[in-house]
Amino acid sequence: RAHVSRDERPQGDRGPVTPGETERRPSARRAGDADTRPPDDAEVIALLERGDIEVLGLLPRASNFTFLARVRDGNEQTLAVYKPRSGEAPLWDFEEGTLAAREVAAFVVAEALGWPWVPPTVLRDGPHGPGSVQRFVAFDQDQHYLTMRNERPDEFRRIALFDLVANNADRKSGHCLLAEDGRIFVVDHGVCFHEQPKLRTVIWDFVGEPIPEDLRNDLGALQRNLAAEPFRGRLERLLTSAEIDAMARRVTGLLTSGRFPEPGPGRPYPWPVV
């Protein structure tokens, strides 16, 4: 198959907002549990890892084959977005078959930082082979970064920093979504973590601003984790050592400058922007 760049592939909206059935989520965690994940995340991850996957349909107009699926284990079930490696369109600048693992790495890094909200994502086998399986979150189809930027700047500072850390090559406005509970979450991280500078994002509002102290502290904690086990070993199952080292250098650069950087050389925006 011919290799094409990310921006030459077809784009579209994110498909259905609600799949038309009620999700039965795992039971809530008890207060005081030692697990530091947000409530329910540990149970959701366990369900995504062990449950049976039933493909419900192909989400329309996605760049790669992307399926809406139901993951069920006994009386527990959740809707999920399943992206099999076999459905990944080849890219000239990303190794073939690695996009699913990068989706999971984005969840792992966001979880370590404590922001932004990336829905629980695992790497596992499925009906169309191995791929990423991410909890589906119902969202408001009319809301995205460009409609929310003025009202939620602190949340988008975190997203902008995350994209700098992850070297996100495709942060479109429509990848920042508003959940039904009012929280902002981010999706579509298959083209992150390249060794070479690839950042293309719509979020350049904060160029030159000092990075807030609490976010610098979170970056410092990530910097230490990237050099130590077990966190580094967890990422090495998803990314190459060179990609992890490059991420560590990006974190160090942010901590050294203490500011949101200007765009680098080349086109800094994705296309289309939404």
# chains A, B, ... in the order shown; residues from 1 in each chain; ligands from 1
call {"tool": "residues_around", "arguments": {"residues": "Ala112 of chain A", "least_positions_apart": "5", "cutoff": "9 Å", "atoms": "only C-alpha atoms", "output": "MDAnalysis selection string"}}
result
chainID A and resid 107 218 221:222 225 231
call {"tool": "write_last_selection", "arguments": {"atoms": "N, CA and C atoms", "output": "mmCIF file, in the first residue's frame"}}
result
data_model
loop_
_atom_site.group_PDB
_atom_site.id
_atom_site.type_symbol
_atom_site.label_atom_id
_atom_site.label_comp_id
_atom_site.auth_asym_id
_atom_site.auth_seq_id
_atom_site.Cartn_x
_atom_site.Cartn_y
_atom_site.Cartn_z
ATOM 1 N N PHE A 107 -2.505 7.624 27.045
ATOM 2 C CA PHE A 107 -3.241 7.435 28.297
ATOM 3 C C PHE A 107 -2.286 7.274 29.472
ATOM 4 N N ASP A 218 4.183 18.971 38.197
ATOM 5 C CA ASP A 218 3.744 17.729 37.563
ATOM 6 C C ASP A 218 4.736 17.280 36.491
ATOM 7 N N ALA A 221 7.684 15.651 38.170
ATOM 8 C CA ALA A 221 7.398 14.279 38.582
ATOM 9 C C ALA A 221 7.465 13.336 37.385
ATOM 10 N N LEU A 222 6.952 13.772 36.234
ATOM 11 C CA LEU A 222 7.035 12.944 35.038
ATOM 12 C C LEU A 222 8.484 12.740 34.625
ATOM 13 N N ASN A 225 9.866 10.035 36.667
ATOM 14 C CA ASN A 225 9.282 8.741 36.311
ATOM 15 C C ASN A 225 9.861 8.188 35.014
ATOM 16 N N PHE A 231 7.738 2.780 35.773
ATOM 17 C CA PHE A 231 7.043 3.570 34.756
ATOM 18 C C PHE A 231 7.718 3.453 33.400
#
call {"tool": "closest_atom_pairs", "arguments": {"of": "segment 85-194 of chain A", "to": "segment 234-247 of chain A", "cutoff": "12 Å", "atoms": "only C-alpha atoms", "output": "Markdown table"}}
result
| residue | atom | partner | partner_atom | distance |
| --- | --- | --- | --- | --- |
| A:Phe94 | CA | A:Glu243 | CA | 11.5 |
| A:Glu95 | CA | A:Leu239 | CA | 10.8 |
| A:Gly97 | CA | A:Leu238 | CA | 11.4 |
| A:Thr98 | CA | A:Leu238 | CA | 8.2 |
| A:Leu99 | CA | A:Leu238 | CA | 9.7 |
| A:Ala100 | CA | A:Leu238 | CA | 8.9 |
| A:Ala101 | CA | A:Leu238 | CA | 5.1 |
| A:Arg102 | CA | A:Leu238 | CA | 6.6 |
| A:Glu103 | CA | A:Leu238 | CA | 9.1 |
| A:Val104 | CA | A:Leu238 | CA | 7.4 |
| A:Ala105 | CA | A:Leu238 | CA | 6.2 |
| A:Ala106 | CA | A:Leu235 | CA | 9.8 |
| A:Phe107 | CA | A:Leu235 | CA | 10.6 |
| A:Val108 | CA | A:Leu235 | CA | 7.6 |
| A:Val109 | CA | A:Leu235 | CA | 8.5 |
| A:Ala112 | CA | A:Leu235 | CA | 11.2 |
| A:Val122 | CA | A:Leu238 | CA | 10.6 |
| A:Leu123 | CA | A:Leu238 | CA | 9.0 |
| A:Arg124 | CA | A:Leu238 | CA | 11.9 |
| A:Gly131 | CA | A:Leu238 | CA | 11.7 |
| A:Ser132 | CA | A:Leu238 | CA | 11.1 |
| A:Phe162 | CA | A:Met247 | CA | 10.8 |
| A:Asp163 | CA | A:Met247 | CA | 10.8 |
| A:Leu164 | CA | A:Met247 | CA | 9.0 |
| A:Val165 | CA | A:Met247 | CA | 6.1 |
| A:Ala166 | CA | A:Met247 | CA | 6.7 |
| A:Asn167 | CA | A:Met247 | CA | 7.8 |
| A:Asn168 | CA | A:Met247 | CA | 11.1 |
| A:Gly190 | CA | A:Leu238 | CA | 11.6 |
| A:Val191 | CA | A:Leu239 | CA | 11.9 |
| A:Cys192 | CA | A:Glu243 | CA | 9.8 |
| A:Phe193 | CA | A:Glu243 | CA | 6.1 |
| A:His194 | CA | A:Glu243 | CA | 6.0 |
call {"tool": "residues_around", "arguments": {"residues": "Trp204 of chain A", "least_positions_apart": "5", "cutoff": "10 Å", "atoms": "only C-alpha atoms", "output": "count of residues only"}}
result
9
call {"tool": "select_by_dssp", "arguments": {"residues": "segment 26-261 of chain A", "states": "helix (DSSP H, G or I)", "output": "number ranges by chain"}}
result
A: 41-50, 85-87, 99-113, 145-148, 153-166, 173-175, 213-226, 231-236, 241-257
call {"tool": "atom_distance", "arguments": {"atom1": "atom CA of Asp214 of chain A", "atom2": "atom CA of Val44 of chain A"}}
result
28.0 Å
call {"tool": "closest_atom_pairs", "arguments": {"of": "segment 129-166 of chain A", "to": "segment 170-181 of chain A", "cutoff": "10 Å", "atoms": "only C-alpha atoms", "output": "Markdown table"}}
result
| residue | atom | partner | partner_atom | distance |
| --- | --- | --- | --- | --- |
| A:Val137 | CA | A:Ala179 | CA | 6.6 |
| A:Ala138 | CA | A:Ala179 | CA | 5.9 |
| A:Phe139 | CA | A:Ala179 | CA | 4.3 |
| A:Asp140 | CA | A:Leu178 | CA | 5.7 |
| A:Gln141 | CA | A:Leu177 | CA | 7.9 |
| A:Asp142 | CA | A:Leu178 | CA | 8.9 |
| A:Gln143 | CA | A:Leu178 | CA | 6.2 |
| A:His144 | CA | A:Gly174 | CA | 5.2 |
| A:Tyr145 | CA | A:Ser173 | CA | 4.7 |
| A:Leu146 | CA | A:Ser173 | CA | 6.1 |
| A:Thr147 | CA | A:Ser173 | CA | 8.8 |
| A:Met148 | CA | A:Leu178 | CA | 8.8 |
| A:Arg149 | CA | A:Ser173 | CA | 9.7 |
| A:Phe156 | CA | A:Cys176 | CA | 9.0 |
| A:Ile159 | CA | A:Cys176 | CA | 8.7 |
| A:Ala160 | CA | A:Arg171 | CA | 9.1 |
| A:Asp163 | CA | A:Arg171 | CA | 7.6 |
call {"tool": "write_last_selection", "arguments": {"atoms": "N, CA, C and O atoms", "output": "mmCIF file, in the first residue's frame"}}
result
data_model
loop_
_atom_site.group_PDB
_atom_site.id
_atom_site.type_symbol
_atom_site.label_atom_id
_atom_site.label_comp_id
_atom_site.auth_asym_id
_atom_site.auth_seq_id
_atom_site.Cartn_x
_atom_site.Cartn_y
_atom_site.Cartn_z
ATOM 1 N N VAL A 137 -16.769 7.773 25.462
ATOM 2 C CA VAL A 137 -17.386 8.794 26.304
ATOM 3 C C VAL A 137 -18.348 9.589 25.438
ATOM 4 O O VAL A 137 -17.948 10.163 24.407
ATOM 5 N N ALA A 138 -19.620 9.632 25.806
ATOM 6 C CA ALA A 138 -20.597 10.421 25.065
ATOM 7 C C ALA A 138 -20.266 11.905 25.197
ATOM 8 O O ALA A 138 -19.852 12.366 26.265
ATOM 9 N N PHE A 139 -20.449 12.656 24.118
ATOM 10 C CA PHE A 139 -20.012 14.054 24.108
ATOM 11 C C PHE A 139 -20.990 14.923 23.326
ATOM 12 O O PHE A 139 -21.839 14.431 22.583
ATOM 13 N N ASP A 140 -20.814 16.228 23.508
ATOM 14 C CA ASP A 140 -21.619 17.227 22.803
ATOM 15 C C ASP A 140 -20.970 17.492 21.448
ATOM 16 O O ASP A 140 -19.877 18.047 21.377
ATOM 17 N N GLN A 141 -21.658 17.122 20.393
ATOM 18 C CA GLN A 141 -21.084 17.228 19.053
ATOM 19 C C GLN A 141 -20.837 18.665 18.631
ATOM 20 O O GLN A 141 -20.036 18.915 17.723
ATOM 21 N N ASP A 142 -21.474 19.639 19.272
ATOM 22 C CA ASP A 142 -21.329 21.039 18.886
ATOM 23 C C ASP A 142 -20.165 21.731 19.582
ATOM 24 O O ASP A 142 -19.878 22.900 19.287
ATOM 25 N N GLN A 143 -19.511 21.049 20.515
ATOM 26 C CA GLN A 143 -18.449 21.680 21.299
ATOM 27 C C GLN A 143 -17.087 21.079 20.954
ATOM 28 O O GLN A 143 -16.948 19.864 20.806
ATOM 29 N N HIS A 144 -16.086 21.954 20.841
ATOM 30 C CA HIS A 144 -14.709 21.537 20.619
ATOM 31 C C HIS A 144 -13.822 22.698 21.054
ATOM 32 O O HIS A 144 -14.314 23.713 21.582
ATOM 33 N N TYR A 145 -12.525 22.567 20.838
ATOM 34 C CA TYR A 145 -11.594 23.580 21.348
ATOM 35 C C TYR A 145 -11.979 24.996 20.934
ATOM 36 O O TYR A 145 -12.019 25.916 21.772
ATOM 37 N N LEU A 146 -12.268 25.203 19.669
ATOM 38 C CA LEU A 146 -12.512 26.563 19.199
ATOM 39 C C LEU A 146 -13.772 27.171 19.786
ATOM 40 O O LEU A 146 -13.895 28.397 19.849
ATOM 41 N N THR A 147 -14.710 26.359 20.236
ATOM 42 C CA THR A 147 -15.928 26.883 20.860
ATOM 43 C C THR A 147 -15.777 27.034 22.373
ATOM 44 O O THR A 147 -16.572 27.730 22.993
ATOM 45 N N MET A 148 -14.778 26.382 22.961
ATOM 46 C CA MET A 148 -14.633 26.375 24.425
ATOM 47 C C MET A 148 -13.408 27.121 24.921
ATOM 48 O O MET A 148 -13.237 27.311 26.127
ATOM 49 N N ARG A 149 -12.539 27.568 24.036
ATOM 50 C CA ARG A 149 -11.230 28.090 24.418
ATOM 51 C C ARG A 149 -11.306 29.278 25.378
ATOM 52 O O ARG A 149 -10.471 29.403 26.285
ATOM 53 N N PHE A 156 -7.143 24.080 28.818
ATOM 54 C CA PHE A 156 -6.428 24.010 27.550
ATOM 55 C C PHE A 156 -4.934 24.283 27.717
ATOM 56 O O PHE A 156 -4.132 23.850 26.874
ATOM 57 N N ILE A 159 -3.783 20.814 28.246
ATOM 58 C CA ILE A 159 -3.783 20.067 26.992
ATOM 59 C C ILE A 159 -2.610 20.503 26.112
ATOM 60 O O ILE A 159 -1.930 19.678 25.494
ATOM 61 N N ALA A 160 -2.357 21.820 26.053
ATOM 62 C CA ALA A 160 -1.230 22.315 25.258
ATOM 63 C C ALA A 160 0.091 21.751 25.771
ATOM 64 O O ALA A 160 0.959 21.345 24.983
ATOM 65 N N ASP A 163 0.446 18.090 24.822
ATOM 66 C CA ASP A 163 0.807 17.912 23.422
ATOM 67 C C ASP A 163 2.277 18.224 23.183
ATOM 68 O O ASP A 163 2.918 17.603 22.324
#
call {"tool": "atom_distance", "arguments": {"atom1": "atom CA of Trp271 of chain A", "atom2": "atom CA of Pro197 of chain A"}}
result
17.1 Å
call {"tool": "residues_around", "arguments": {"residues": "Ile53 of chain A", "least_positions_apart": "3", "cutoff": "7 Å", "atoms": "only C-alpha atoms", "output": "NGL selection string"}}
result
:A and (69-72 or 126)
call {"tool": "write_last_selection", "arguments": {"atoms": "N, CA and C atoms", "output": "tab-separated table (two decimals), in the first residue's frame"}}
result
chain	number	residue	atom	x	y	z
A	69	ALA	N	-17.62	-0.41	19.67
A	69	ALA	CA	-17.73	-1.78	20.15
A	69	ALA	C	-18.35	-1.79	21.53
A	70	ARG	N	-18.87	-2.96	21.90
A	70	ARG	CA	-19.32	-3.20	23.26
A	70	ARG	C	-18.35	-4.20	23.89
A	71	VAL	N	-17.88	-3.87	25.10
A	71	VAL	CA	-17.02	-4.77	25.85
A	71	VAL	C	-17.82	-5.25	27.05
A	72	ARG	N	-17.99	-6.58	27.14
A	72	ARG	CA	-18.88	-7.13	28.15
A	72	ARG	C	-18.18	-8.24	28.92
A	126	GLY	N	-8.47	-8.37	19.55
A	126	GLY	CA	-9.88	-8.14	19.32
A	126	GLY	C	-10.33	-8.87	18.07
call {"tool": "residues_around", "arguments": {"residues": "Val133 of chain A", "least_positions_apart": "6", "cutoff": "6 Å", "atoms": "only C-alpha atoms", "output": "ChimeraX atom specification"}}
result
/A:81-82,121-122
call {"tool": "select_by_dssp", "arguments": {"residues": "segment 130-183 of chain A", "states": "strand (DSSP E)", "output": "list in words"}}
result
Gly131, Ser132, Val133, Gln134, Arg135, Cys176, Leu177 and Leu178 of chain A
call {"tool": "write_last_selection", "arguments": {"atoms": "C-alpha atoms", "output": "short mmCIF file (atom, residue, chain, number, x, y, z; two decimals), in the first residue's frame"}}
result
data_model
loop_
_atom_site.label_atom_id
_atom_site.label_comp_id
_atom_site.auth_asym_id
_atom_site.auth_seq_id
_atom_site.Cartn_x
_atom_site.Cartn_y
_atom_site.Cartn_z
CA GLY A 131 -5.35 -2.84 18.65
CA SER A 132 -6.22 -0.08 21.09
CA VAL A 133 -9.51 -0.23 22.98
CA GLN A 134 -10.61 3.02 24.60
CA ARG A 135 -13.69 3.65 26.70
CA CYS A 176 -10.97 18.20 22.40
CA LEU A 177 -14.47 17.17 23.42
CA LEU A 178 -17.02 18.05 26.08
#
call {"tool": "closest_residue", "arguments": {"among": "A:Gly253, A:Pro130, A:Pro119, A:Asp41", "to": "Val187 of chain A", "atoms": "only C-alpha atoms"}}
result
A:Pro119
call {"tool": "atom_distance", "arguments": {"atom1": "atom CA of Val55 of chain A", "atom2": "atom CA of Glu76 of chain A"}}
result
16.4 Å
